[in-house]
Every structure is written in structure tokens, then in C-alpha cells.
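Okay, protein01.cif is below, mmCIF, C-alpha atoms:
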```
data_upload
loop_
_atom_site.label_atom_id
_atom_site.label_comp_id
_atom_site.auth_asym_id
_atom_site.auth_seq_id
_atom_site.Cartn_x
_atom_site.Cartn_y
_atom_site.Cartn_z
CA MET A 1 -41.01 -2.91 -5.09
CA PRO A 2 -39.90 -0.40 -7.77
CA THR A 3 -42.61 1.16 -9.90
CA SER A 4 -41.59 -0.66 -13.10
CA MET A 5 -41.83 -4.02 -11.33
CA ARG A 6 -45.21 -3.07 -9.93
CA SER A 7 -46.49 -2.19 -13.41
CA ILE A 8 -45.12 -5.46 -14.81
CA MET A 9 -46.91 -7.28 -11.99
CA ARG A 10 -50.15 -5.51 -12.82
CA ASP A 11 -49.83 -6.44 -16.51
CA ALA A 12 -49.03 -10.04 -15.60
CA VAL A 13 -52.18 -10.34 -13.49
CA GLY A 14 -54.19 -8.62 -16.25
CA ILE A 15 -52.99 -11.16 -18.81
CA GLY A 16 -53.86 -13.97 -16.39
CA VAL A 17 -57.39 -12.67 -15.99
CA GLY A 18 -57.66 -12.34 -19.77
CA VAL A 19 -56.70 -15.94 -20.49
CA ALA A 20 -59.03 -17.14 -17.73
CA SER A 21 -62.12 -16.62 -19.87
CA TYR A 22 -60.58 -18.82 -22.52
CA GLY A 23 -59.55 -21.31 -19.85
CA VAL A 24 -63.16 -21.67 -18.73
CA SER A 25 -64.12 -22.46 -22.34
CA PHE A 26 -61.32 -25.01 -22.53
CA GLY A 27 -62.40 -26.73 -19.32
CA ALA A 28 -65.99 -26.91 -20.49
CA LEU A 29 -65.03 -28.09 -23.95
CA GLY A 30 -62.66 -30.77 -22.65
CA VAL A 31 -65.36 -32.33 -20.51
CA THR A 32 -68.04 -32.15 -23.21
CA THR A 33 -65.62 -33.81 -25.65
CA GLY A 34 -65.55 -36.82 -23.35
CA LEU A 35 -62.41 -36.18 -21.33
CA SER A 36 -62.65 -36.54 -17.57
CA ILE A 37 -62.12 -33.52 -15.35
CA LEU A 38 -58.74 -34.98 -14.41
CA GLN A 39 -57.68 -35.41 -18.05
CA THR A 40 -58.78 -31.86 -18.88
CA GLN A 41 -56.86 -30.55 -15.89
CA PHE A 42 -53.82 -32.63 -16.85
CA LEU A 43 -53.71 -30.86 -20.20
CA SER A 44 -53.90 -27.41 -18.61
CA SER A 45 -51.15 -28.09 -16.10
CA ILE A 46 -48.79 -30.43 -17.99
CA MET A 47 -49.31 -29.52 -21.64
CA PHE A 48 -49.96 -25.88 -20.68
CA THR A 49 -50.05 -24.31 -24.12
CA GLY A 50 -53.54 -23.16 -25.03
CA ALA A 51 -53.74 -23.50 -28.80
CA SER A 52 -52.36 -27.06 -28.68
CA GLN A 53 -54.83 -27.99 -25.96
CA PHE A 54 -57.78 -26.70 -27.99
CA ALA A 55 -56.43 -28.42 -31.11
CA LEU A 56 -56.03 -31.78 -29.35
CA VAL A 57 -59.54 -31.64 -27.93
CA GLY A 58 -60.93 -30.30 -31.22
CA VAL A 59 -59.48 -33.14 -33.28
CA ILE A 60 -60.72 -35.74 -30.78
CA ALA A 61 -64.18 -34.13 -30.77
CA ALA A 62 -64.26 -34.18 -34.57
CA GLY A 63 -63.60 -37.92 -34.54
CA GLY A 64 -59.95 -37.74 -35.56
CA SER A 65 -57.50 -40.46 -34.56
CA ALA A 66 -55.29 -40.19 -31.50
CA ILE A 67 -52.24 -39.89 -33.76
CA SER A 68 -53.59 -36.94 -35.74
CA ALA A 69 -54.71 -35.25 -32.50
CA ILE A 70 -51.21 -35.63 -31.05
CA ALA A 71 -49.53 -34.51 -34.28
CA THR A 72 -51.68 -31.37 -34.54
CA ALA A 73 -51.06 -30.43 -30.91
CA LEU A 74 -47.31 -30.92 -31.24
CA LEU A 75 -47.01 -29.02 -34.52
CA LEU A 76 -48.82 -26.09 -32.93
CA GLY A 77 -46.62 -26.42 -29.86
CA PHE A 78 -43.53 -26.32 -32.06
CA ARG A 79 -43.42 -22.53 -31.77
CA ASN A 80 -42.53 -22.94 -28.11
CA LEU A 81 -39.15 -24.33 -29.19
CA PRO A 82 -37.83 -21.05 -30.67
CA TYR A 83 -39.49 -19.22 -27.75
CA ALA A 84 -37.56 -21.43 -25.35
CA ILE A 85 -34.26 -20.90 -27.18
CA ARG A 86 -34.79 -17.14 -26.95
CA MET A 87 -35.89 -17.24 -23.30
CA SER A 88 -32.91 -19.40 -22.40
CA GLN A 89 -30.75 -16.44 -23.55
CA LEU A 90 -32.82 -13.93 -21.63
CA LEU A 91 -33.26 -15.84 -18.38
CA GLU A 92 -29.79 -17.38 -17.98
CA VAL A 93 -31.29 -20.11 -15.78
CA ARG A 94 -29.41 -23.10 -14.42
CA GLY A 95 -30.29 -26.43 -12.81
CA TRP A 96 -33.88 -27.15 -11.82
CA LYS A 97 -34.94 -23.63 -12.77
CA LYS A 98 -34.49 -24.60 -16.43
CA PHE A 99 -37.23 -27.19 -16.01
CA ALA A 100 -39.57 -24.71 -14.36
CA ALA A 101 -38.82 -22.03 -16.94
CA ALA A 102 -39.49 -24.52 -19.75
CA GLN A 103 -42.93 -25.32 -18.40
CA LEU A 104 -43.83 -21.61 -18.27
CA THR A 105 -42.51 -20.87 -21.79
CA ILE A 106 -45.64 -19.88 -23.73
CA ASP A 107 -46.84 -17.02 -25.96
CA GLU A 108 -47.68 -14.63 -23.12
CA SER A 109 -44.60 -15.08 -20.93
CA THR A 110 -42.28 -14.90 -23.96
CA ALA A 111 -43.95 -11.74 -25.26
CA MET A 112 -43.73 -10.06 -21.85
CA GLY A 113 -40.11 -11.14 -21.37
CA LEU A 114 -39.13 -9.67 -24.73
CA ALA A 115 -41.18 -6.50 -24.20
CA HIS A 116 -39.30 -5.74 -20.99
CA GLU A 117 -35.89 -7.04 -22.02
CA ILE A 118 -34.53 -3.51 -22.26
CA GLU A 119 -36.68 -0.92 -20.56
CA VAL A 120 -36.82 2.71 -21.64
CA ASP A 121 -34.71 3.70 -18.65
CA GLY A 122 -32.11 1.07 -19.55
CA THR A 123 -33.04 -1.40 -16.80
CA HIS A 124 -33.67 -5.07 -17.45
CA GLY A 125 -37.13 -6.27 -16.39
CA GLY A 126 -37.29 -9.19 -18.80
CA LYS A 127 -36.63 -11.96 -16.29
CA TRP A 128 -39.13 -10.57 -13.84
CA ALA A 129 -41.73 -10.08 -16.60
CA PHE A 130 -41.27 -13.66 -17.85
CA TRP A 131 -41.65 -15.31 -14.43
CA ALA A 132 -44.49 -13.05 -13.25
CA THR A 133 -46.48 -13.61 -16.45
CA GLY A 134 -45.77 -17.33 -16.60
CA VAL A 135 -46.83 -17.94 -13.01
CA SER A 136 -49.88 -15.69 -13.31
CA VAL A 137 -51.10 -17.37 -16.51
CA PHE A 138 -50.43 -20.83 -15.04
CA ILE A 139 -52.54 -20.13 -11.96
CA PHE A 140 -55.41 -18.41 -13.76
CA TRP A 141 -55.44 -20.89 -16.63
CA ASN A 142 -55.61 -23.91 -14.34
CA ALA A 143 -58.19 -22.41 -11.98
CA ALA A 144 -60.33 -21.40 -14.96
CA THR A 145 -60.02 -24.85 -16.53
CA LEU A 146 -61.23 -26.47 -13.33
CA LEU A 147 -64.13 -24.04 -13.09
CA GLY A 148 -65.18 -24.71 -16.69
CA ALA A 149 -64.77 -28.46 -16.39
CA VAL A 150 -66.78 -28.71 -13.18
CA ALA A 151 -69.48 -26.35 -14.44
CA ALA A 152 -69.84 -28.21 -17.74
CA SER A 153 -69.99 -31.62 -16.13
CA ALA A 154 -72.65 -30.34 -13.73
CA ALA A 155 -74.88 -28.88 -16.42
CA GLY A 156 -75.00 -27.20 -19.73
CA ASP A 157 -74.87 -27.86 -23.40
CA PRO A 158 -71.70 -26.25 -24.78
CA LYS A 159 -73.61 -25.33 -27.92
CA ALA A 160 -76.33 -23.52 -25.98
CA LEU A 161 -73.57 -21.43 -24.41
CA GLY A 162 -72.02 -20.70 -27.81
CA LEU A 163 -68.76 -22.35 -26.80
CA ASP A 164 -68.21 -23.96 -30.20
CA ALA A 165 -68.34 -20.52 -31.83
CA ALA A 166 -66.14 -19.08 -29.08
CA VAL A 167 -63.44 -21.61 -29.98
CA VAL A 168 -63.55 -20.48 -33.62
CA ALA A 169 -63.34 -16.83 -32.52
CA GLY A 170 -60.45 -17.70 -30.19
CA PHE A 171 -58.44 -19.30 -33.00
CA VAL A 172 -59.10 -16.28 -35.23
CA ALA A 173 -57.96 -13.96 -32.43
CA LEU A 174 -54.80 -16.03 -31.95
CA LEU A 175 -54.02 -15.90 -35.66
CA TRP A 176 -54.85 -12.23 -36.24
CA PRO A 177 -51.84 -10.53 -34.60
CA GLN A 178 -49.49 -12.91 -36.45
CA LEU A 179 -50.60 -11.71 -39.90
CA THR A 180 -47.93 -9.03 -39.98
CA ASN A 181 -46.94 -9.28 -43.65
CA ASN A 182 -48.27 -10.54 -46.97
CA TYR A 183 -46.32 -13.81 -46.90
CA ARG A 184 -47.84 -14.64 -43.52
CA LYS A 185 -51.32 -13.76 -44.80
CA LEU A 186 -50.73 -15.97 -47.82
CA THR A 187 -49.68 -18.83 -45.54
CA ALA A 188 -52.82 -18.50 -43.41
CA ALA A 189 -55.02 -18.32 -46.51
CA LEU A 190 -53.43 -21.31 -48.25
CA GLY A 191 -53.50 -23.33 -45.01
CA ALA A 192 -57.19 -22.51 -44.64
CA VAL A 193 -58.04 -23.37 -48.24
CA ALA A 194 -56.05 -26.62 -48.15
CA ALA A 195 -57.81 -27.77 -44.98
CA LEU A 196 -61.24 -26.81 -46.30
CA VAL A 197 -60.76 -28.59 -49.63
CA PHE A 198 -59.62 -31.83 -47.97
CA ILE A 199 -62.33 -32.05 -45.27
CA PRO A 200 -64.66 -34.29 -47.35
CA PHE A 201 -61.88 -36.58 -48.57
CA VAL A 202 -59.64 -37.47 -45.65
CA ALA A 203 -60.18 -38.57 -42.05
CA PRO A 204 -60.94 -35.86 -39.47
CA GLY A 205 -57.73 -34.32 -38.16
CA ILE A 206 -55.80 -34.84 -41.39
CA PRO A 207 -56.96 -31.56 -43.05
CA ILE A 208 -55.22 -29.60 -40.28
CA LEU A 209 -52.02 -31.56 -40.82
CA ILE A 210 -52.23 -30.78 -44.54
CA ALA A 211 -52.47 -27.09 -43.61
CA GLY A 212 -49.34 -27.57 -41.49
CA PHE A 213 -47.59 -29.21 -44.44
CA VAL A 214 -48.50 -26.21 -46.63
CA ALA A 215 -46.96 -23.89 -44.02
CA LEU A 216 -43.84 -26.04 -43.86
CA ALA A 217 -43.45 -25.92 -47.65
CA LEU A 218 -43.96 -22.14 -47.69
CA GLY A 219 -41.43 -21.74 -44.89
CA LEU A 220 -38.82 -23.77 -46.79
CA ARG A 221 -39.26 -21.80 -49.99
CA GLN A 222 -39.33 -18.43 -48.23
CA LYS A 223 -36.44 -16.11 -49.05
CA LEU A 224 -33.56 -16.66 -46.71
CA SER A 225 -32.94 -12.98 -46.24
CA GLY A 226 -35.55 -10.90 -44.49
CA ASP A 227 -39.17 -11.58 -43.74
CA HIS A 228 -40.94 -10.51 -46.90
CA MET B 1 -58.32 -44.74 -23.83
CA LEU B 2 -58.24 -40.96 -24.05
CA TRP B 3 -55.34 -40.93 -21.60
CA MET B 4 -52.94 -42.02 -24.34
CA PRO B 5 -53.21 -38.90 -26.56
CA VAL B 6 -53.51 -36.68 -23.46
CA ILE B 7 -50.29 -37.95 -21.91
CA VAL B 8 -48.25 -38.38 -25.10
CA ALA B 9 -49.15 -34.93 -26.44
CA SER B 10 -48.51 -33.30 -23.06
CA LEU B 11 -45.08 -34.86 -22.67
CA GLY B 12 -44.28 -34.04 -26.29
CA ALA B 13 -45.26 -30.39 -25.77
CA TYR B 14 -43.02 -30.22 -22.71
CA ALA B 15 -40.18 -31.89 -24.61
CA LEU B 16 -40.32 -29.11 -27.23
CA LYS B 17 -40.12 -26.47 -24.49
CA ILE B 18 -37.29 -28.04 -22.51
CA ALA B 19 -35.31 -28.77 -25.68
CA GLY B 20 -35.05 -25.04 -26.24
CA TYR B 21 -33.10 -24.66 -23.00
CA PHE B 22 -30.52 -27.24 -24.09
CA VAL B 23 -30.07 -26.90 -27.86
CA PRO B 24 -27.28 -24.63 -29.10
CA GLN B 25 -28.31 -20.99 -29.46
CA LYS B 26 -26.94 -21.14 -33.01
CA LEU B 27 -30.15 -22.81 -34.18
CA MET B 28 -31.84 -19.40 -33.93
CA ASP B 29 -29.29 -18.03 -36.39
CA ASN B 30 -30.61 -20.44 -39.01
CA GLN B 31 -32.98 -18.39 -41.15
CA ARG B 32 -34.71 -21.49 -42.55
CA PHE B 33 -35.51 -22.72 -39.03
CA ARG B 34 -36.88 -19.29 -38.12
CA ASN B 35 -38.99 -19.13 -41.29
CA VAL B 36 -40.52 -22.56 -40.75
CA SER B 37 -41.18 -22.11 -37.04
CA GLY B 38 -42.71 -18.69 -37.69
CA LEU B 39 -45.08 -19.90 -40.42
CA LEU B 40 -46.08 -23.28 -38.96
CA PRO B 41 -48.60 -22.00 -36.39
CA ILE B 42 -50.03 -19.57 -38.96
CA GLY B 43 -50.85 -22.27 -41.49
CA LEU B 44 -52.15 -24.61 -38.78
CA LEU B 45 -54.38 -21.94 -37.26
CA GLY B 46 -55.74 -21.13 -40.74
CA GLY B 47 -56.60 -24.81 -41.15
CA LEU B 48 -58.00 -25.16 -37.63
CA ILE B 49 -60.35 -22.21 -38.13
CA MET B 50 -61.82 -23.82 -41.26
CA VAL B 51 -62.18 -27.24 -39.63
CA GLN B 52 -63.69 -25.87 -36.42
CA THR B 53 -66.12 -23.73 -38.43
CA PHE B 54 -67.21 -25.93 -41.32
CA ALA B 55 -66.34 -29.58 -40.64
CA ASN B 56 -68.80 -32.04 -39.25
CA GLY B 57 -66.89 -35.29 -39.37
CA MET B 58 -66.04 -35.56 -43.05
CA SER B 59 -68.83 -33.36 -44.32
CA LEU B 60 -69.01 -29.60 -44.73
CA THR B 61 -71.81 -27.84 -42.88
CA LEU B 62 -73.01 -24.31 -42.25
CA ASP B 63 -74.16 -23.79 -38.68
CA GLY B 64 -74.00 -21.44 -35.71
CA ARG B 65 -70.22 -21.81 -35.48
CA LEU B 66 -69.99 -19.48 -38.48
CA LEU B 67 -71.09 -16.73 -36.09
CA GLY B 68 -67.72 -17.16 -34.38
CA LEU B 69 -66.02 -15.95 -37.56
CA VAL B 70 -68.63 -13.33 -38.36
CA VAL B 71 -68.38 -11.79 -34.89
CA ALA B 72 -64.60 -12.08 -34.49
CA ILE B 73 -63.40 -10.43 -37.70
CA PRO B 74 -65.03 -6.97 -37.33
CA LEU B 75 -64.07 -6.88 -33.65
CA LEU B 76 -60.44 -7.69 -34.48
CA LEU B 77 -60.46 -5.03 -37.20
CA LYS B 78 -61.50 -2.61 -34.44
CA LYS B 79 -58.59 -3.90 -32.34
CA ALA B 80 -60.82 -5.39 -29.66
CA PRO B 81 -58.93 -7.38 -26.99
CA PHE B 82 -58.86 -11.18 -27.09
CA ILE B 83 -61.31 -11.63 -24.22
CA VAL B 84 -63.91 -9.33 -25.83
CA VAL B 85 -63.70 -11.26 -29.10
CA VAL B 86 -64.17 -14.65 -27.48
CA LEU B 87 -66.94 -13.63 -25.09
CA SER B 88 -68.85 -11.74 -27.80
CA ALA B 89 -68.76 -14.75 -30.11
CA ALA B 90 -70.07 -17.00 -27.33
CA ALA B 91 -72.77 -14.55 -26.23
CA ILE B 92 -74.07 -13.74 -29.71
CA THR B 93 -74.15 -17.40 -30.77
CA ALA B 94 -75.86 -18.40 -27.52
CA LEU B 95 -78.47 -15.66 -28.02
CA ALA B 96 -79.04 -16.65 -31.64
CA ARG B 97 -79.64 -20.25 -30.62
CA TYR B 98 -81.86 -19.19 -27.75
CA ALA B 99 -83.85 -17.09 -30.21
CA GLY B 100 -84.42 -20.14 -32.40
CA LEU B 101 -81.35 -20.77 -34.55
CA ASN B 102 -81.47 -24.54 -34.71
CA TYR B 103 -77.93 -25.26 -35.78
#
```
For this file, produce the structure as C-alpha cells.
Amino acid sequence: MPTSMRSIMRDAVGIGVGVASYGVSFGALGVTTGLSILQTQFLSSIMFTGASQFALVGVIAAGGSAISAIATALLLGFRNLPYAIRMSQLLEVRGWKKFAAAQLTIDESTAMGLAHEIEVDGTHGGKWAFWATGVSVFIFWNAATLLGAVAASAAGDPKALGLDAAVVAGFVALLWPQLTNNYRKLTAALGAVAALVFIPFVAPGIPILIAGFVALALGLRQKLSGDH
Amino acid sequence: MLWMPVIVASLGAYALKIAGYFVPQKLMDNQRFRNVSGLLPIGLLGGLIMVQTFANGMSLTLDGRLLGLVVAIPLLLKKAPFIVVVLSAAAITALARYAGLNY
């Protein structure tokens, strides 16, 4: 195995280990929200896109309707569509591999694929980086979910473990690196304010959708040239 | 009953992913599509943070979850990795509750 592939492999495993801690929280949270271990595991293997999974469980836990839980999860998962379009270019997959690649198209695998698309020495490690990261995250995420779900159903109050605060911190950490310019910061701030203001007036789950609507409106009125 | 949202949302999430491997690449040339898909998760995450921190059903509350925000922001300013942010928030909140924070 060439050195560059070995270093990609090491990064892929590192990212897998990193998401595992969050996966344990997800497993525990899913079960304490009232999902069975099987349902929690289903989300980690079939839905397999962390923020949407947390959002779905979060809206259900908050007493939101099934429809608003689904809508929130899908709106958050919408970013996987442009990721997939981009990865389809990079991977040049055909046949059944398209369906496997689609399942593994998430933040981490896309970021690694793009980071290694053109290496410094002119080689192309993007495909390898995408598959290695996708498979690594899939394995670690699912194993961690199972661990968390089993542990939480055996014992433990998620609040005593600080898991509810960890979810908040996790969402902040997911948002943080995306705040790369003032328009993006404005969008996050207005989404936050809109959700906060509506919490007392609309059913649980709806405030998040209102934040999504604010982002949609800001996206439509954003300048068409450049990313100001 | 919980199977319905679990299955529908999971299949929907997969549909969004697989669609990307079949739609024309030209969609990515559309600046409006790129703007909206770039900003959507940002606004939603902003809203989710508020709801996860302050909502209790339809009322606003201040409780230990606020520690998640209070711990995360300075760590992120110091460029701490994701895992450190999440584990610190859990550990500090757990300790605070163990020490007697009753929220």
C-alpha cells in the first residue's frame, strides 16, 4: 500500500473513532426517547446521517408530531443531495456501486473525498478517501450506536450522564465550521432567533421548520454571484 | 407507532442521497440551488440548538442543557476537536448535576 493511501486509511479510522463518541450518545438518546434498540439501530444503518438522526429523535422526544420529525430530518438531510451530485462526479461509479456509494455519502466521506481529489503530488486519492472514510464511519457509527443503546436500556438516566447537554454541544460543533462568512452567520442567527421566538406559540418541532424556512428565504434572496 | 417516522425518514434520507447519483450534473451549476442547499442546514442547526437548549414542550426553560452551549463555544473558539467538545459538555453537565444542580 503506498504511503498516501496508508495515511488516508489512518485518517479514515481516526474519523470513525471520532464519530463513535457521538454514536454512543445517539444510541443512548434513541432508547431513552422511547425507540427500541432495533429502531435506533435502523436509523444508524439505514438513515445513516447523524444530524438528521439526532433531529428526528429530538423532535420526537420534545413531543413533536411524526410529520414534523420527518420533515426536520429530511430538510437536514437535504445537504446530502449536493454532496451526492459532487461525489457522483468524483467516483464515476456504475451499477450497484451507485447504491452503495449513495448510502455512504455523508459529511465526512464527502469532505475526505474532496480533500484528496487532487493530491499535492498530482495523484488522485479521492475515490479511495471517500470509500475508506464512508466504510469506517459506517462501522464505527453503528457499533457505537448499539453500545449506547444497550448501555442506556440496561441502566442510566441520560440526564445524569449529561447527554442532553452533549447533544446541544454536538449541534453547535456541527454548525461552527460552516459559519465561514457573514451571510452564513446571519442565517444561523436568524434561524436561531426565529425558532426561539416561536417555541411558546407553535407545536414542538414546528420552530425548527420555521428556522429552515428562514434559511430557505435567505438562500433565495442571496446574490447569485459569489458567496458573500 | 414510532416505526412510521423511523422508516419514512430513513427512506427519504436515502432517496435524497441516491437522487444525487442520477440527477443531471447541471443542477450544481445552478447558483440558487447551491445557495439554498448551503444555507438550509445552517438555519436548521441554529434553530435546533435553541430548541434543544431552551424548549421544554411549548415552554421556555433554563436548565443544565445550557451548559452544553456554555462549554462548547469557548472550546470551539480554541479550535478543539468535535469529540472533545461533546465529551466535555457531557462530563461537565454530569458533574454539575452530581454536585447538586437539580435541573
**OP:** Write out as a PyMOL selection string every residue belonging to chain B that has an atom at most 6 Å from any atom of chain A, counting only C-alpha atoms.
**Re:** chain B and resi 5+9-10+13+16-18+20-21+31+35-37+39-44+46-50+57-59+65+68-69+72+83+86+89-90+93-94
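Take the candidates A:Gly50, A:Phe26, A:Leu90, A:Trp96 and check each one against Glu117 (chain A) using only C-alpha atoms; the shortest distance goes to A:Leu90.
Shortest separation to Lys127 (chain A) among A:Asn142, A:Thr110, A:Ser7, A:Thr32 occurs at residue A:Thr110, atoms counted being only C-alpha atoms.
The smallest atom-to-atom distance between Asn56 (chain B) and any of B:Tyr14, B:Ala91, B:Tyr103, B:Leu2, using all atoms listed in the file, is found for B:Tyr103.
Comparing A:His116, A:Val13, A:Gly27, A:Ala149 by their smallest distance to Val137 (chain A), the closest is A:Val13 (using all atoms listed in the file).
For the atom pair formed by CA of Leu146 (chain A) and CA of Leu29 (chain A), the distance is 11.4 Å, given to one decimal.
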For Leu101 (chain B): contacts at 9 Å, all atoms listed in the file, fewer than 4 positions along chain excluded, given as a CSV table (one decimal) with C-alpha atoms, in the coordinates of the input:
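As a result, result_38.csv now contains:
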```
chain,number,residue,atom,x,y,z
B,63,ASP,CA,-74.2,-23.8,-38.7
B,64,GLY,CA,-74.0,-21.4,-35.7
B,93,THR,CA,-74.2,-17.4,-30.8
B,95,LEU,CA,-78.5,-15.7,-28.0
B,96,ALA,CA,-79.0,-16.6,-31.6
B,97,ARG,CA,-79.6,-20.2,-30.6
```
Original post:
Please, what distance in Å, to one decimal, runs between CA of Ala28 (chain A) and CA of Asp157 (chain A)?
Top reply: 9.4 Å
Generate a file for region 87-138 of chain A, containing C-alpha atoms, as a short mmCIF file (atom, residue, chain, number, x, y, z; two decimals), in the first residue's frame.
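Wrote it out as result_10.cif, contents follow:
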```
data_model
loop_
_atom_site.label_atom_id
_atom_site.label_comp_id
_atom_site.auth_asym_id
_atom_site.auth_seq_id
_atom_site.Cartn_x
_atom_site.Cartn_y
_atom_site.Cartn_z
CA MET A 87 -19.38 12.60 -5.38
CA SER A 88 -21.04 11.10 -8.44
CA GLN A 89 -18.58 13.20 -10.49
CA LEU A 90 -15.63 12.17 -8.36
CA LEU A 91 -16.37 8.46 -8.02
CA GLU A 92 -17.60 7.65 -11.55
CA VAL A 93 -19.50 4.65 -10.16
CA ARG A 94 -21.82 2.42 -12.15
CA GLY A 95 -24.46 -0.22 -11.40
CA TRP A 96 -24.90 -1.46 -7.84
CA LYS A 97 -21.92 0.57 -6.65
CA LYS A 98 -24.03 3.71 -7.10
CA PHE A 99 -26.41 2.41 -4.45
CA ALA A 100 -23.59 1.61 -2.05
CA ALA A 101 -21.89 4.95 -2.68
CA ALA A 102 -25.18 6.77 -2.06
CA GLN A 103 -25.59 5.16 1.34
CA LEU A 104 -22.07 6.24 2.35
CA THR A 105 -22.50 9.83 1.09
CA ILE A 106 -22.29 11.93 4.28
CA ASP A 107 -20.35 14.95 5.60
CA GLU A 108 -17.19 13.03 6.49
CA SER A 109 -16.81 10.88 3.37
CA THR A 110 -17.57 13.85 1.08
CA ALA A 111 -15.06 16.08 2.87
CA MET A 112 -12.35 13.41 2.67
CA GLY A 113 -13.11 12.68 -0.98
CA LEU A 114 -12.80 16.36 -1.88
CA ALA A 115 -9.69 16.86 0.26
CA HIS A 116 -7.86 14.12 -1.62
CA GLU A 117 -9.34 14.74 -5.06
CA ILE A 118 -6.05 16.16 -6.30
CA GLU A 119 -3.10 15.36 -4.09
CA VAL A 120 -0.03 17.57 -3.82
CA ASP A 121 1.94 15.12 -5.93
CA GLY A 122 -0.77 15.15 -8.60
CA THR A 123 -2.22 11.73 -7.78
CA HIS A 124 -5.91 11.12 -7.27
CA GLY A 125 -6.79 9.65 -3.86
CA GLY A 126 -10.34 10.97 -3.77
CA LYS A 127 -12.11 7.70 -4.54
CA TRP A 128 -10.06 5.78 -2.03
CA ALA A 129 -10.58 8.50 0.61
CA PHE A 130 -14.36 8.51 0.05
CA TRP A 131 -14.80 4.73 0.34
CA ALA A 132 -12.35 4.30 3.24
CA THR A 133 -13.99 7.09 5.24
CA GLY A 134 -17.54 6.03 4.41
CA VAL A 135 -16.96 2.41 5.41
CA SER A 136 -15.02 3.37 8.54
CA VAL A 137 -17.68 5.81 9.74
CA PHE A 138 -20.46 3.31 8.94
#
```
